[in-house]
Amino acid sequence: MARAQPPLAWLAPGEPFPDVRTAWRTGSPAPGLLAAGGTLDTPTLLNAYAQGIFPWFSDDQPVLWWSPDPRMVLHTAEFRLHRSLRKTLARFRDTPGCEVRIDHDFATVIQACASMPREGQPGTWIVPAMVDAYTALHRAGHAHSVECWVNGALVGGLYCVNLGGALFGESMFSRASDASKIALAALVAVARAYGVVAIDCQQNTRHLASLGAREMARADFVQLVETALQRPAPQWQFEPIYWNQLLRDPA
């Protein structure tokens, strides 16, 4: 007989998260859903990410907290640099006026990401409360934007969360061909430069899988995060020399 699905935990502000192993299982109405309620203040978000938990909800819902099993993760050594993307990166690196900036315009990046739905999903999950929360997380030094600029115009980018050596990708946007892929490649290059071994991608999409991300068991992911938290955080700056190691990867 199948085990009964445990009732969803409802959190008061400041209340600890339940054990991630109690998240709703595959076959439930919402696999990976762990809890509802609580707040999106910076201490709560840091506590959540340190346990492999993230918020994701719509405007008409309470705050929902998730810890899916399996978890989609991009191991930085496994980033897949397809031939066409390799050429794009080399051209971007060598073209005057093309540059990667970090944390230059976080506000515009997160708003641009909010205007783009996730793959296969209508609307946006980056509701105003999320924008406010991650902007505060950015001011606290734990959320960062990686941006592609061409001739002074922002053409694509992403934002992520960083605790120690743990890195959590959140969302990307693109206003020009391959701009979000360039931003992700730049994030991988920074991660490699500082010994960050993995980037959390949360959920499986074809796009992420095509770039080398793969699923791993939640228990293994939580252990990965626990280990990474003991390492120092990267220096959040991009140096053009970082492209060289990435472009030397075998095809």
# chains A, B, ... in the order shown; residues from 1 in each chain; ligands from 1
>>> closest_atom_pairs(of="region 141-186 of chain A", to="region 63-78 of chain A", cutoff="12 Å", atoms="only C-alpha atoms", output="JSON lines")
{"residue": "A:Ala166", "atom": "CA", "partner": "A:Val73", "partner_atom": "CA", "distance": 11.6}
{"residue": "A:Leu167", "atom": "CA", "partner": "A:Leu74", "partner_atom": "CA", "distance": 10.1}
{"residue": "A:Phe168", "atom": "CA", "partner": "A:Val73", "partner_atom": "CA", "distance": 9.1}
{"residue": "A:Gly169", "atom": "CA", "partner": "A:Val73", "partner_atom": "CA", "distance": 9.3}
{"residue": "A:Glu170", "atom": "CA", "partner": "A:Val73", "partner_atom": "CA", "distance": 12.0}
{"residue": "A:Leu184", "atom": "CA", "partner": "A:Leu74", "partner_atom": "CA", "distance": 10.6}
{"residue": "A:Ala185", "atom": "CA", "partner": "A:Thr76", "partner_atom": "CA", "distance": 9.6}
{"residue": "A:Ala186", "atom": "CA", "partner": "A:Thr76", "partner_atom": "CA", "distance": 11.1}
>>> closest_atom_pairs(of="region 26-89 of chain A", to="region 136-153 of chain A", cutoff="12 Å", atoms="only C-alpha atoms", output="Markdown table")
| residue | atom | partner | partner_atom | distance |
| --- | --- | --- | --- | --- |
| A:Leu40 | CA | A:Ala136 | CA | 9.7 |
| A:Asp41 | CA | A:Ala136 | CA | 8.0 |
| A:Thr42 | CA | A:Leu137 | CA | 5.7 |
| A:Pro43 | CA | A:Leu137 | CA | 9.1 |
| A:Thr44 | CA | A:Leu137 | CA | 10.5 |
| A:Leu45 | CA | A:Leu137 | CA | 8.2 |
| A:Leu46 | CA | A:His142 | CA | 8.4 |
| A:Tyr49 | CA | A:His142 | CA | 10.7 |
| A:Ala50 | CA | A:His142 | CA | 11.9 |
| A:Leu89 | CA | A:Cys148 | CA | 11.3 |
>>> residues_around(residues="Phe92 (chain A)", least_positions_apart="3", cutoff="12 Å", atoms="only C-alpha atoms", output="MDAnalysis selection string")
chainID A and resid 85:89 95:100 148:151 177:179 181:183 185:186 240 243 247
>>> select_by_dssp(residues="region 76-165 of chain A", states="strand (DSSP E or B)", output="PyMOL selection string")
chain A and resi 98-102+143-150+153-163
>>> closest_residue(among="A:Ala189, A:Ala176, A:Ala228, A:Met116", to="Asp249 (chain A)", atoms="only C-alpha atoms")
A:Ala189
>>> select_by_dssp(residues="region 3-239 of chain A", states="alpha helix (DSSP H)", output="PyMOL selection string")
chain A and resi 42-50+83-94+106-114+128-139+179-193+206-210+218-228
>>> residues_around(residues="Pro128 (chain A)", least_positions_apart="4", cutoff="9 Å", atoms="only C-alpha atoms", output="PyMOL selection string")
chain A and resi 59+114+132-133
>>> write_last_selection(atoms="C-alpha atoms", output="CSV table (one decimal), in the first residue's frame")
chain,number,residue,atom,x,y,z
A,59,ASP,CA,0.6,36.3,-7.4
A,114,ALA,CA,10.3,38.7,-14.5
A,132,ASP,CA,11.6,43.0,-3.6
A,133,ALA,CA,13.0,40.0,-1.7
>>> atom_distance(atom1="CA of Ala107 (chain A)", atom2="CA of Thr135 (chain A)")
7.0 Å
>>> atom_distance(atom1="CA of Val225 (chain A)", atom2="CA of Gly165 (chain A)")
8.3 Å
>>> atom_distance(atom1="CA of Asn162 (chain A)", atom2="CA of Asp105 (chain A)")
17.3 Å
>>> residues_around(residues="Gly38 (chain A)", least_positions_apart="5", cutoff="6 Å", atoms="only C-alpha atoms", output="PyMOL selection string")
chain A and resi 11-13
>>> closest_residue(among="A:Arg175, A:His82, A:Arg93, A:His207", to="Asn244 (chain A)", atoms="only C-alpha atoms")
A:Arg93
>>> closest_residue(among="A:Ala209, A:Phe106, A:Arg231, A:Ala191", to="Leu246 (chain A)", atoms="only C-alpha atoms")
A:Ala191
>>> residues_around(residues="Met172 (chain A)", least_positions_apart="3", cutoff="8 Å", atoms="only C-alpha atoms", output="ChimeraX atom specification")
/A:113,156-159,180
>>> write_last_selection(atoms="C-alpha atoms", output="compact mmCIF listing (two decimals), in the first residue's frame")
# COMPACT_ATOMS: atom_id res chain seq x y z
CA CYS A 113 13.68 38.02 -16.00
CA GLY A 156 20.86 39.55 -21.70
CA GLY A 157 21.75 38.19 -18.32
CA LEU A 158 20.82 36.16 -15.27
CA TYR A 159 20.66 36.43 -11.53
CA SER A 180 21.47 34.38 -21.89
>>> closest_residue(among="A:Ser84, A:Trp56, A:Arg21, A:Pro7", to="Ala217 (chain A)", atoms="only C-alpha atoms")
A:Arg21
